[in-house]
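File shown: data20.txt. Contents: compact mmCIF, C-alpha atoms and all ligand atoms.
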```txt
# COMPACT_ATOMS: atom_id res chain seq x y z
CA MET O 1 116.81 107.76 116.03
CA HIS O 2 114.67 110.71 114.97
CA ASP O 3 113.67 113.69 117.08
CA ILE O 4 110.08 112.41 117.13
CA SER O 5 109.31 108.73 116.58
CA ASP O 6 106.15 108.97 114.51
CA PHE O 7 104.34 105.64 114.08
CA ARG O 8 100.92 107.08 113.18
CA SER O 9 101.16 106.09 109.52
CA ASP O 10 103.58 105.57 106.65
CA THR O 11 101.89 108.62 105.11
CA VAL O 12 104.02 110.83 107.41
CA THR O 13 107.24 110.03 105.54
CA LEU O 14 109.07 113.08 104.23
CA PRO O 15 110.53 113.30 100.72
CA THR O 16 114.11 112.04 100.55
CA PRO O 17 117.08 114.24 99.48
CA ALA O 18 116.99 112.47 96.08
CA MET O 19 113.34 113.52 95.71
CA ARG O 20 114.08 117.15 96.56
CA GLU O 21 116.80 117.14 93.95
CA ALA O 22 114.53 115.50 91.37
CA MET O 23 111.90 118.18 92.07
CA ALA O 24 114.41 120.94 91.45
CA ARG O 25 115.47 119.43 88.13
CA ALA O 26 112.04 118.28 86.89
CA GLU O 27 111.07 119.23 83.37
CA LEU O 28 107.61 120.78 83.59
CA GLY O 29 104.60 121.44 81.37
CA ASP O 30 100.82 121.47 81.84
CA ASP O 31 99.10 118.25 82.82
CA VAL O 32 95.58 119.38 81.87
CA LEU O 33 96.82 120.39 78.42
CA GLY O 34 98.40 116.96 78.07
CA THR O 35 101.94 118.33 77.92
CA GLU O 36 103.41 117.52 81.34
CA PRO O 37 106.52 115.51 80.41
CA THR O 38 107.43 114.28 83.90
CA ALA O 39 103.86 113.26 84.80
CA ILE O 40 103.56 111.48 81.43
CA LYS O 41 106.83 109.68 82.18
CA LEU O 42 105.69 108.59 85.65
CA GLU O 43 102.35 107.35 84.26
CA ALA O 44 104.06 105.30 81.55
CA MET O 45 106.71 103.91 83.90
CA THR O 46 104.12 102.85 86.50
CA ALA O 47 101.86 101.25 83.89
CA ASP O 48 104.85 99.35 82.54
CA LEU O 49 105.98 98.24 86.02
CA LEU O 50 102.50 96.89 86.80
CA GLY O 51 101.86 95.37 83.36
CA LYS O 52 99.00 97.62 82.24
CA GLU O 53 98.52 99.76 79.11
CA ALA O 54 98.26 103.22 80.67
CA GLY O 55 98.47 105.20 83.91
CA LEU O 56 96.92 108.29 85.46
CA PHE O 57 98.70 110.38 88.10
CA VAL O 58 96.20 111.41 90.76
CA PRO O 59 96.61 113.44 93.96
CA SER O 60 95.61 110.68 96.38
CA GLY O 61 94.81 107.02 96.85
CA THR O 62 91.24 107.99 97.57
CA MET O 63 90.89 109.75 94.22
CA GLY O 64 92.49 106.85 92.32
CA ASN O 65 90.20 104.29 93.94
CA GLN O 66 87.10 106.38 93.52
CA ILE O 67 87.79 107.15 89.86
CA ALA O 68 88.20 103.39 89.29
CA ILE O 69 84.97 102.57 91.09
CA ALA O 70 83.10 105.23 89.11
CA LEU O 71 84.54 103.81 85.88
CA HIS O 72 83.27 100.34 86.70
CA ALA O 73 80.01 100.83 88.63
CA GLN O 74 77.05 102.97 87.61
CA ARG O 75 74.51 104.64 89.89
CA GLY O 76 72.47 102.07 91.78
CA GLN O 77 74.84 99.20 91.00
CA GLU O 78 76.65 97.13 93.58
CA VAL O 79 80.30 96.77 94.59
CA ILE O 80 81.49 93.70 96.51
CA CYS O 81 84.36 94.36 98.89
CA GLU O 82 85.77 93.17 102.19
CA PHE O 83 83.95 94.46 105.28
CA SER O 84 86.80 96.64 106.54
CA ALA O 85 88.01 97.81 103.10
CA HIS O 86 89.42 101.33 102.91
CA THR O 87 87.32 102.16 99.83
CA TYR O 88 84.16 101.44 101.83
CA ASN O 89 85.04 102.67 105.34
CA ASN O 90 87.73 105.32 105.05
CA GLU O 91 87.02 107.34 101.93
CA SER O 92 84.36 109.58 103.47
CA GLY O 93 81.43 107.96 101.67
CA ALA O 94 82.91 108.90 98.28
CA LEU O 95 81.75 105.63 96.72
CA ALA O 96 78.10 106.57 97.26
CA LEU O 97 78.76 110.22 96.43
CA ILE O 98 80.81 109.89 93.25
CA ALA O 99 79.88 106.56 91.63
CA GLY O 100 76.43 106.56 93.30
CA ALA O 101 76.89 102.82 93.82
CA GLN O 102 76.14 100.77 96.91
CA VAL O 103 78.36 98.30 98.75
CA ARG O 104 77.79 94.59 99.40
CA PRO O 105 80.45 93.93 102.05
CA ILE O 106 81.69 90.48 102.96
CA HIS O 107 83.68 89.44 106.04
CA GLY O 108 87.08 88.14 105.08
CA SER O 109 89.72 86.33 107.07
CA ALA O 110 92.79 88.55 107.55
CA GLY O 111 91.36 90.66 104.71
CA ILE O 112 91.06 87.68 102.36
CA MET O 113 87.65 87.05 100.80
CA GLU O 114 86.60 83.47 100.12
CA PRO O 115 85.81 83.23 96.37
CA SER O 116 82.76 80.95 96.84
CA HIS O 117 81.31 83.43 99.37
CA VAL O 118 81.89 86.29 96.97
CA GLU O 119 80.23 84.35 94.15
CA ALA O 120 77.21 83.70 96.37
CA LEU O 121 76.74 87.47 96.81
CA ILE O 122 76.49 88.20 93.09
CA ARG O 123 72.91 89.20 92.37
CA PRO O 124 70.89 87.13 89.93
CA ALA O 125 69.27 89.08 87.11
CA ASN O 126 65.89 90.09 88.46
CA ILE O 127 63.91 93.32 88.20
CA HIS O 128 64.08 93.70 92.01
CA ASN O 129 67.84 93.35 92.35
CA PRO O 130 70.65 95.84 92.04
CA ARG O 131 73.14 94.78 89.41
CA THR O 132 76.50 93.59 90.73
CA ALA O 133 79.17 95.49 88.79
CA LEU O 134 82.50 95.22 90.55
CA ILE O 135 84.68 93.28 92.99
CA THR O 136 87.43 95.17 94.80
CA VAL O 137 90.40 93.75 96.71
CA GLU O 138 92.84 95.55 99.04
CA ASN O 139 96.46 94.32 99.08
CA THR O 140 98.00 94.70 101.57
CA HIS O 141 94.87 94.93 103.67
CA ASN O 142 95.24 97.87 106.03
CA ALA O 143 92.56 97.25 108.67
CA ALA O 144 93.34 93.53 108.83
CA GLY O 145 96.91 94.40 109.83
CA GLY O 146 98.77 95.08 106.61
CA THR O 147 98.07 91.47 105.68
CA ILE O 148 98.94 90.00 102.32
CA VAL O 149 96.28 88.74 99.91
CA PRO O 150 97.90 85.70 98.27
CA LEU O 151 98.22 85.35 94.51
CA GLU O 152 95.99 82.21 94.36
CA ASN O 153 93.17 84.12 96.07
CA ILE O 154 93.59 87.12 93.73
CA ARG O 155 93.41 84.76 90.75
CA ALA O 156 90.42 82.81 92.08
CA LEU O 157 88.45 86.02 92.70
CA GLY O 158 89.43 87.16 89.21
CA GLU O 159 87.93 83.97 87.81
CA VAL O 160 84.67 84.71 89.63
CA ALA O 161 84.67 88.26 88.23
CA ARG O 162 85.30 87.05 84.69
CA LYS O 163 82.69 84.27 84.88
CA HIS O 164 80.02 86.80 85.89
CA LYS O 165 81.29 89.59 83.59
CA LEU O 166 82.14 91.84 86.54
CA LYS O 167 84.95 94.37 86.71
CA TYR O 168 87.81 93.80 89.13
CA HIS O 169 89.74 96.58 90.92
CA LEU O 170 92.72 96.49 93.27
CA ASP O 171 93.31 99.07 95.99
CA GLY O 172 97.06 98.57 95.97
CA ALA O 173 97.94 101.49 98.23
CA ARG O 174 100.55 99.17 99.76
CA LEU O 175 100.90 96.63 96.96
CA TRP O 176 104.66 97.30 97.09
CA ASN O 177 104.74 95.83 100.60
CA ALA O 178 102.98 92.66 99.45
CA HIS O 179 105.45 92.36 96.58
CA VAL O 180 108.64 92.69 98.67
CA ALA O 181 107.28 90.46 101.45
CA THR O 182 106.40 87.60 99.10
CA GLY O 183 108.77 88.05 96.17
CA VAL O 184 105.78 87.65 93.82
CA PRO O 185 106.36 89.91 90.77
CA LEU O 186 104.24 93.08 90.70
CA LYS O 187 102.93 92.20 87.24
CA ASP O 188 101.60 88.86 88.52
CA LEU O 189 99.90 90.54 91.49
CA CYS O 190 98.19 92.96 89.07
CA ALA O 191 97.45 90.72 86.05
CA PRO O 192 93.92 89.58 87.02
CA PHE O 193 92.67 93.12 87.66
CA ASP O 194 91.10 95.58 85.23
CA THR O 195 92.44 98.52 87.22
CA VAL O 196 94.97 98.94 90.01
CA ASN O 197 95.64 101.98 92.17
CA VAL O 198 99.06 102.28 93.84
CA CYS O 199 100.20 104.95 96.29
CA LEU O 200 103.53 106.75 96.10
CA SER O 201 103.05 108.74 99.31
CA LYS O 202 103.06 105.96 101.88
CA GLY O 203 106.08 103.69 102.32
CA LEU O 204 107.62 105.03 99.11
CA CYS O 205 108.00 108.53 100.65
CA SER O 206 106.65 110.79 97.89
CA PRO O 207 104.98 113.85 99.37
CA VAL O 208 101.77 113.40 97.32
CA GLY O 209 100.31 111.10 94.75
CA SER O 210 99.00 107.80 93.46
CA VAL O 211 98.83 106.22 90.03
CA LEU O 212 95.77 104.45 88.65
CA VAL O 213 96.61 101.96 85.90
CA GLY O 214 94.41 100.02 83.48
CA SER O 215 93.55 99.80 79.80
CA ARG O 216 94.14 102.84 77.59
CA GLU O 217 90.41 103.29 77.16
CA GLU O 218 89.67 103.15 80.91
CA ILE O 219 92.49 105.53 81.76
CA GLU O 220 91.30 108.07 79.19
CA ARG O 221 87.80 107.97 80.71
CA GLY O 222 89.48 108.22 84.12
CA ARG O 223 91.36 111.32 82.99
CA TYR O 224 88.06 113.00 82.21
CA LEU O 225 86.65 112.00 85.62
CA ARG O 226 89.79 113.27 87.34
CA LYS O 227 89.26 116.66 85.68
CA GLN O 228 85.62 116.69 86.82
CA LEU O 229 86.82 116.09 90.39
CA GLY O 230 89.29 118.97 90.20
CA GLY O 231 92.28 116.66 89.97
CA GLY O 232 93.90 118.21 86.87
CA MET O 233 97.22 119.32 88.33
CA ARG O 234 99.05 121.61 85.84
CA GLN O 235 102.84 121.51 86.67
CA SER O 236 102.34 118.16 88.38
CA GLY O 237 105.78 117.04 87.18
CA ILE O 238 107.21 118.63 90.31
CA LEU O 239 105.42 115.87 92.26
CA ALA O 240 105.70 113.19 89.59
CA ALA O 241 109.49 113.61 89.77
CA CYS O 242 109.32 112.31 93.35
CA GLY O 243 107.07 109.48 92.20
CA ILE O 244 109.72 108.37 89.72
CA VAL O 245 112.28 108.24 92.54
CA SER O 246 109.72 106.25 94.59
CA ILE O 247 109.18 103.52 92.02
CA THR O 248 112.79 103.29 90.90
CA SER O 249 114.59 103.32 94.25
CA MET O 250 112.29 103.04 97.25
CA ILE O 251 110.56 99.67 96.83
CA GLU O 252 113.21 97.20 98.03
CA ARG O 253 113.89 99.15 101.23
CA LEU O 254 110.36 98.37 102.45
CA LYS O 255 111.90 95.11 103.70
CA ASP O 256 113.52 97.15 106.51
CA ASP O 257 110.09 98.44 107.56
CA HIS O 258 108.84 94.87 107.72
CA SER O 259 111.69 93.66 109.91
CA ASN O 260 111.33 96.70 112.20
CA ALA O 261 107.58 96.04 112.51
CA ARG O 262 108.20 92.38 113.30
CA LYS O 263 110.70 93.16 116.09
CA LEU O 264 108.51 95.88 117.57
CA ALA O 265 105.43 93.63 117.45
CA ASP O 266 107.33 90.77 119.14
CA GLY O 267 108.18 93.15 122.00
CA LEU O 268 104.72 94.70 122.28
CA ALA O 269 103.05 91.26 122.32
CA LYS O 270 104.94 90.44 125.53
CA LEU O 271 103.68 93.50 127.43
CA PRO O 272 101.08 92.85 130.15
CA GLY O 273 97.47 93.07 128.94
CA VAL O 274 98.38 93.48 125.26
CA GLN O 275 96.45 91.39 122.75
CA LEU O 276 98.38 91.27 119.50
CA ASP O 277 97.97 88.60 116.86
CA LEU O 278 101.51 88.21 115.54
CA ALA O 279 100.22 86.22 112.56
CA THR O 280 98.76 89.45 111.15
CA VAL O 281 102.09 91.31 111.30
CA GLN O 282 103.16 90.41 107.78
CA THR O 283 104.38 93.78 106.53
CA ASN O 284 104.69 97.25 108.15
CA ILE O 285 101.48 97.60 110.19
CA ILE O 286 100.84 96.52 113.79
CA TYR O 287 97.42 96.53 115.46
CA PHE O 288 96.83 95.59 119.08
CA SER O 289 94.28 96.04 121.81
CA VAL O 290 94.50 96.31 125.59
CA PRO O 291 91.06 95.06 126.63
CA GLY O 292 89.45 96.77 129.59
CA ARG O 293 91.83 99.76 129.54
CA GLU O 294 90.34 101.70 126.61
CA ALA O 295 89.29 104.61 128.83
CA GLN O 296 92.98 105.29 129.51
CA PHE O 297 93.96 105.48 125.82
CA PRO O 298 93.69 109.31 125.49
CA GLN O 299 95.92 109.70 128.54
CA TRP O 300 98.39 107.13 127.18
CA LEU O 301 98.58 109.00 123.87
CA GLU O 302 99.63 112.10 125.81
CA ARG O 303 102.19 110.21 127.88
CA LEU O 304 103.66 108.61 124.77
CA LYS O 305 103.91 112.04 123.18
CA GLN O 306 105.86 113.29 126.21
CA GLN O 307 108.31 110.47 125.44
CA LYS O 308 108.45 111.64 121.80
CA VAL O 309 106.44 108.70 120.48
CA LEU O 310 103.40 109.29 118.28
CA ALA O 311 100.91 106.47 117.73
CA MET O 312 97.27 106.24 116.70
CA THR O 313 94.18 104.66 118.17
CA LEU O 314 91.42 103.54 115.83
CA GLY O 315 88.35 102.60 117.83
CA ASN O 316 89.56 100.26 120.55
CA ARG O 317 92.76 99.32 118.75
CA TRP O 318 96.23 100.82 118.63
CA ARG O 319 97.91 101.10 115.25
CA LEU O 320 101.64 101.52 114.72
CA VAL O 321 103.12 101.73 111.23
CA THR O 322 106.82 101.48 110.37
CA HIS O 323 108.34 103.43 107.48
CA ASN O 324 111.46 105.17 106.17
CA ASP O 325 111.41 107.84 108.90
CA VAL O 326 111.46 105.43 111.88
CA ASP O 327 114.47 103.20 112.50
CA ALA O 328 115.35 100.38 114.90
CA GLN O 329 116.13 102.87 117.69
CA ASP O 330 112.77 104.61 117.22
CA CYS O 331 111.20 101.16 117.62
CA GLU O 332 113.11 100.60 120.86
CA ARG O 333 111.96 103.98 122.12
CA ALA O 334 108.35 103.09 121.26
CA LEU O 335 108.61 99.76 123.04
CA SER O 336 109.96 101.28 126.23
CA ALA O 337 107.37 104.10 126.08
CA PHE O 338 104.55 101.53 125.85
CA GLN O 339 106.21 99.55 128.64
CA SER O 340 106.07 102.59 130.89
CA VAL O 341 102.44 103.56 130.14
CA LEU O 342 101.19 99.99 130.55
CA ALA O 343 103.01 99.46 133.88
N1 LIG D 401 95.13 105.14 104.56
C1 LIG D 401 95.44 106.04 105.64
C2 LIG D 401 94.18 106.35 106.43
O1 LIG D 401 93.19 106.80 105.59
C3 LIG D 401 93.66 105.20 107.22
C4 LIG D 401 96.49 105.43 106.52
O2 LIG D 401 97.07 106.19 107.33
O3 LIG D 401 96.75 104.23 106.42
N2 LIG D 401 93.80 102.61 100.45
C5 LIG D 401 94.39 102.20 101.59
C6 LIG D 401 94.52 100.74 101.86
C7 LIG D 401 94.87 103.13 102.52
O4 LIG D 401 95.43 102.71 103.64
C8 LIG D 401 94.75 104.50 102.23
C9 LIG D 401 95.24 105.55 103.21
C10 LIG D 401 94.15 104.88 101.02
C11 LIG D 401 93.68 103.90 100.16
C12 LIG D 401 93.90 106.33 100.66
O5 LIG D 401 95.06 107.01 100.37
P1 LIG D 401 95.07 108.62 100.47
O6 LIG D 401 95.25 108.95 101.91
O7 LIG D 401 96.24 109.00 99.63
O8 LIG D 401 93.80 109.13 99.94
```

Rewrite the structure of this file - the entire thing - as structure tokens.
Amino acid sequence: MHDISDFRSDTVTLPTPAMREAMARAELGDDVLGTEPTAIKLEAMTADLLGKEAGLFVPSGTMGNQIAIALHAQRGQEVICEFSAHTYNNESGALALIAGAQVRPIHGSAGIMEPSHVEALIRPANIHNPRTALITVENTHNAAGGTIVPLENIRALGEVARKHKLKYHLDGARLWNAHVATGVPLKDLCAPFDTVNVCLSKGLCSPVGSVLVGSREEIERGRYLRKQLGGGMRQSGILAACGIVSITSMIERLKDDHSNARKLADGLAKLPGVQLDLATVQTNIIYFSVPGREAQFPQWLERLKQQKVLAMTLGNRWRLVTHNDVDAQDCERALSAFQSVLA
């Protein structure tokens, strides 16, 4: 058990001892000058792992997604995504600000968009219409509960994109979780997409960083955009060294996060007044509501904190995320803390 049991997000994970060592030993250069050996190595390794030609190390998932969207959609064009997608709801309006595009959201089921519904939203060529440019998918889908978008759905949406000559981007902040939960190879999960962004700083414990992968041409254009956004990072190898540890040794252990989340969710679902759809607990994220008691949530957050448990409320839902820095005992502590506040 840890001093504080922090379930607010898997972004709170601290770098592992192996990462601190890798940082100390990292060979460094200058990323903007194109001579950062460790960043170059991380980019190539990630691209290879995901089956794409090239990679770009960026400071955050938000920057990776937004560079991809700006590569694919021009000002005034339209992006189709799921209604509660992170790119649309949680990136501070960057899509409108940076790409200058607009969103055509579609309600999915557990984060999964129905291909025929997506196809119906594609705008016909007409002087009055915006041009549809891009479809984005999120896997796992955060706001739907860390749910997995199945391979058949990814492929079917890819067919729609290809048929209508649209670009296709994956927000794969937690693609690793989908991969270990299903056993589907990462390359298969990425193959239909033009670009994929993956995060190193969530379940994989790096302190900072994401990698955007795609074709060589797209990634070179992305590198220019990253510089325009102030994302040229100089001795970024100090961070990329952690990223290499993430992708070489931290993926399989995500299975532990999934089993911890499952056990914790089973316990929480039994508490009085809790509404928790266990079918959505497929990876490391748990959402639940306690209808009618929302006014007490701020007070509950305080009481949980007194019991050394940190959680998050998002609107009228609670969110708990398991990760490398919470173990089975932290989960037991969280369950009994919720038991006591709900009593
Ligand atoms: N998500 C954060 C919050 O912004 C909600 C979290 O704690 O889960 N895509 C997805 C699916 C994400 O969940 C996140 C982060 C991002 C992109 C953005 O990554 P960062 O925070 O590195 O910009």

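Using all atoms listed in the file, the contacts of Gly100 (chain O) at a cut-off of 10 Å, with sequence neighbours closer than 3 positions omitted, comprise Ile69, Ala70, Ala73, Gln74, Arg75, Gly76, Gln77, Glu78, Gly93, Ala94, Leu95, Ala96 and Leu97 of chain O.
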
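In this model, the gap between CA of Ala181 (chain O) and CA of Lys255 (chain O) comes to 6.9 Å.
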
Point to revise | Shell around region 115-124 of chain O at 12 Å using only C-alpha atoms, local window under 4 positions removed, as a PyMOL selection string | key: chain O and resi 77-83+103-109+128-137+152-166

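Closest to Gly203 (chain O) among O:Gln307, O:Ser9, O:Gln299, O:Thr182 is O:Ser9, based on all atoms listed in the file.
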
Exercise for review: Write out as a PyMOL selection string each polymer residue (protein, DNA or RNA) that has an atom no more than 9 Å from ligand LIG 401 (chain D), with only C-alpha atoms and all ligand atoms counted.
Suggested key: chain O and resi 8-12+59-65+85-87+90-91+138-143+146+171-174+197-202+208-210+285+321

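Look at Gly232 (chain O): the protein and nucleic acid residues within 10 Å of it, using only C-alpha atoms and passing over chain neighbours fewer than 6 places away, are O:Asp30, O:Asp31, O:Val32, O:Leu33, O:Gly34, O:Phe57, O:Val58, O:Pro59, O:Arg223, O:Tyr224, O:Leu225, O:Arg226.
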
**Study point:** Radius query 8 Å about (101.4, 89.6, 109.3), atoms used: all atoms listed in the file, as a ChimeraX atom specification
**Key:** /O:145-148,278-283

Revision key, fill the gap. Min atom-atom distance to Ala241 (chain O) from the set O:Pro15, O:Gly55, O:Gly214, O:Pro150, counting all atoms listed in the file, belongs to O:Pro15

Edge lengths and centre in Å to one decimal, as AutoDock Vina command-line options, is what I'm after for the box along x, y and z that holds all listed atoms of region 314-329 of chain O once 5 Å is added on each side.
```
--center_x 102.2 --center_y 103.6 --center_z 113.4 --size_x 37.8 --size_y 18.5 --size_z 24.4
```

Review point. Mind pulling up the distance from CA of Leu71 (chain O) to CA of Thr35 (chain O)?
Key: 24.0 Å

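Shortest atom-to-atom contact with Leu342 (chain O) among O:Ser289, O:Thr46, O:Asn89, O:Ser5: O:Ser289, counting all atoms listed in the file.
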
Against region 18-26 of chain O, which residues of region 194-282 of chain O fall within 10 Å? For each one I want the closest pair of atoms and the distance in Å (one decimal), counting all atoms listed in the file, rows by chain and increasing residue number, as CSV.
```
residue,atom,partner,partner_atom,distance
O:Cys205,CA,O:Met19,CA,8.8
O:Ser206,CA,O:Met19,CA,7.5
O:Pro207,CA,O:Met19,CA,9.1
O:Gln235,CA,O:Ala26,CA,9.8
O:Ser236,CA,O:Ala26,CA,9.8
O:Gly237,CA,O:Ala26,CA,6.4
O:Ile238,CA,O:Met23,CA,5.0
O:Leu239,CA,O:Met23,CA,6.9
O:Ala240,CA,O:Met23,CA,8.3
O:Ala241,CA,O:Ala22,CA,5.6
O:Cys242,CA,O:Met19,CA,4.8
O:Gly243,CA,O:Met19,CA,8.2
O:Ile244,CA,O:Met19,CA,8.7
O:Val245,CA,O:Met19,CA,6.2
O:Ser246,CA,O:Met19,CA,8.2
O:Ser249,CA,O:Ala18,CA,9.6
```

May I have the selected residues written with C-alpha atoms, as a PDB file, in the coordinates of the input?
```pdb
ATOM      1  CA  CYS O 205     108.000 108.530 100.650  1.00  0.00           C
ATOM      2  CA  SER O 206     106.650 110.790  97.890  1.00  0.00           C
ATOM      3  CA  PRO O 207     104.980 113.850  99.370  1.00  0.00           C
ATOM      4  CA  GLN O 235     102.840 121.510  86.670  1.00  0.00           C
ATOM      5  CA  SER O 236     102.340 118.160  88.380  1.00  0.00           C
ATOM      6  CA  GLY O 237     105.780 117.040  87.180  1.00  0.00           C
ATOM      7  CA  ILE O 238     107.210 118.630  90.310  1.00  0.00           C
ATOM      8  CA  LEU O 239     105.420 115.870  92.260  1.00  0.00           C
ATOM      9  CA  ALA O 240     105.700 113.190  89.590  1.00  0.00           C
ATOM     10  CA  ALA O 241     109.490 113.610  89.770  1.00  0.00           C
ATOM     11  CA  CYS O 242     109.320 112.310  93.350  1.00  0.00           C
ATOM     12  CA  GLY O 243     107.070 109.480  92.200  1.00  0.00           C
ATOM     13  CA  ILE O 244     109.720 108.370  89.720  1.00  0.00           C
ATOM     14  CA  VAL O 245     112.280 108.240  92.540  1.00  0.00           C
ATOM     15  CA  SER O 246     109.720 106.250  94.590  1.00  0.00           C
ATOM     16  CA  SER O 249     114.590 103.320  94.250  1.00  0.00           C
TER      17      SER O 249
END
```

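Proximity of O:Ala334, O:Leu301, O:Leu50, O:Asp257 to Pro192 (chain O), computed with all atoms listed in the file, is greatest for O:Leu50.
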
I'd like the neighbourhood of Thr195 (chain O) as a JSON list (two decimals) with C-alpha atoms, keeping the file's coordinate frame, where a residue qualifies if any of its atoms comes within 8 Å (using only C-alpha atoms), though same-chain residues fewer than 5 positions away should be ignored.
```
[["chain", "number", "residue", "atom", "x", "y", "z"],
["O", 68, "ALA", "CA", 88.20, 103.39, 89.29],
["O", 168, "TYR", "CA", 87.81, 93.80, 89.13],
["O", 169, "HIS", "CA", 89.74, 96.58, 90.92],
["O", 170, "LEU", "CA", 92.72, 96.49, 93.27],
["O", 212, "LEU", "CA", 95.77, 104.45, 88.65],
["O", 213, "VAL", "CA", 96.61, 101.96, 85.90],
["O", 214, "GLY", "CA", 94.41, 100.02, 83.48],
["O", 215, "SER", "CA", 93.55, 99.80, 79.80]]
```

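Nearest to Leu49 (chain O) of all the residues O:Thr248, O:Ser92, O:Asp194, O:Gln66 is O:Thr248, based on all atoms listed in the file.
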
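Rounded to one decimal, CA of Pro291 (chain O) and CA of Gln329 (chain O) lie 27.7 Å from each other.
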
Using all heavy atoms, give me region 209-214 of chain O from the structure I just pasted, as a tab-separated table (two decimals), in the first residue's frame.
```tsv
chain	number	residue	atom	x	y	z
O	209	GLY	N	5.09	12.84	-22.12
O	209	GLY	CA	5.31	12.47	-23.50
O	209	GLY	C	4.34	11.53	-24.17
O	209	GLY	O	3.72	10.67	-23.55
O	210	SER	N	4.20	11.76	-25.47
O	210	SER	CA	3.39	10.94	-26.37
O	210	SER	C	4.16	10.79	-27.67
O	210	SER	O	5.09	11.57	-27.92
O	210	SER	CB	2.07	11.64	-26.67
O	210	SER	OG	1.24	11.66	-25.53
O	211	VAL	N	3.77	9.82	-28.47
O	211	VAL	CA	4.38	9.70	-29.80
O	211	VAL	C	3.26	9.62	-30.84
O	211	VAL	O	2.33	8.82	-30.71
O	211	VAL	CB	5.31	8.46	-29.91
O	211	VAL	CG1	5.99	8.43	-31.28
O	211	VAL	CG2	6.36	8.46	-28.81
O	212	LEU	N	3.37	10.49	-31.84
O	212	LEU	CA	2.45	10.47	-32.98
O	212	LEU	C	3.14	9.70	-34.10
O	212	LEU	O	4.28	10.01	-34.44
O	212	LEU	CB	2.14	11.90	-33.43
O	212	LEU	CG	1.28	12.04	-34.69
O	212	LEU	CD1	-0.16	11.55	-34.42
O	212	LEU	CD2	1.24	13.49	-35.17
O	213	VAL	N	2.45	8.69	-34.64
O	213	VAL	CA	3.05	7.92	-35.74
O	213	VAL	C	2.17	8.00	-36.98
O	213	VAL	O	0.97	8.22	-36.89
O	213	VAL	CB	3.28	6.43	-35.35
O	213	VAL	CG1	4.24	6.31	-34.17
O	213	VAL	CG2	1.97	5.71	-35.04
O	214	GLY	N	2.83	7.85	-38.14
O	214	GLY	CA	2.11	7.90	-39.42
O	214	GLY	C	3.09	7.72	-40.55
O	214	GLY	O	4.19	7.16	-40.35
```
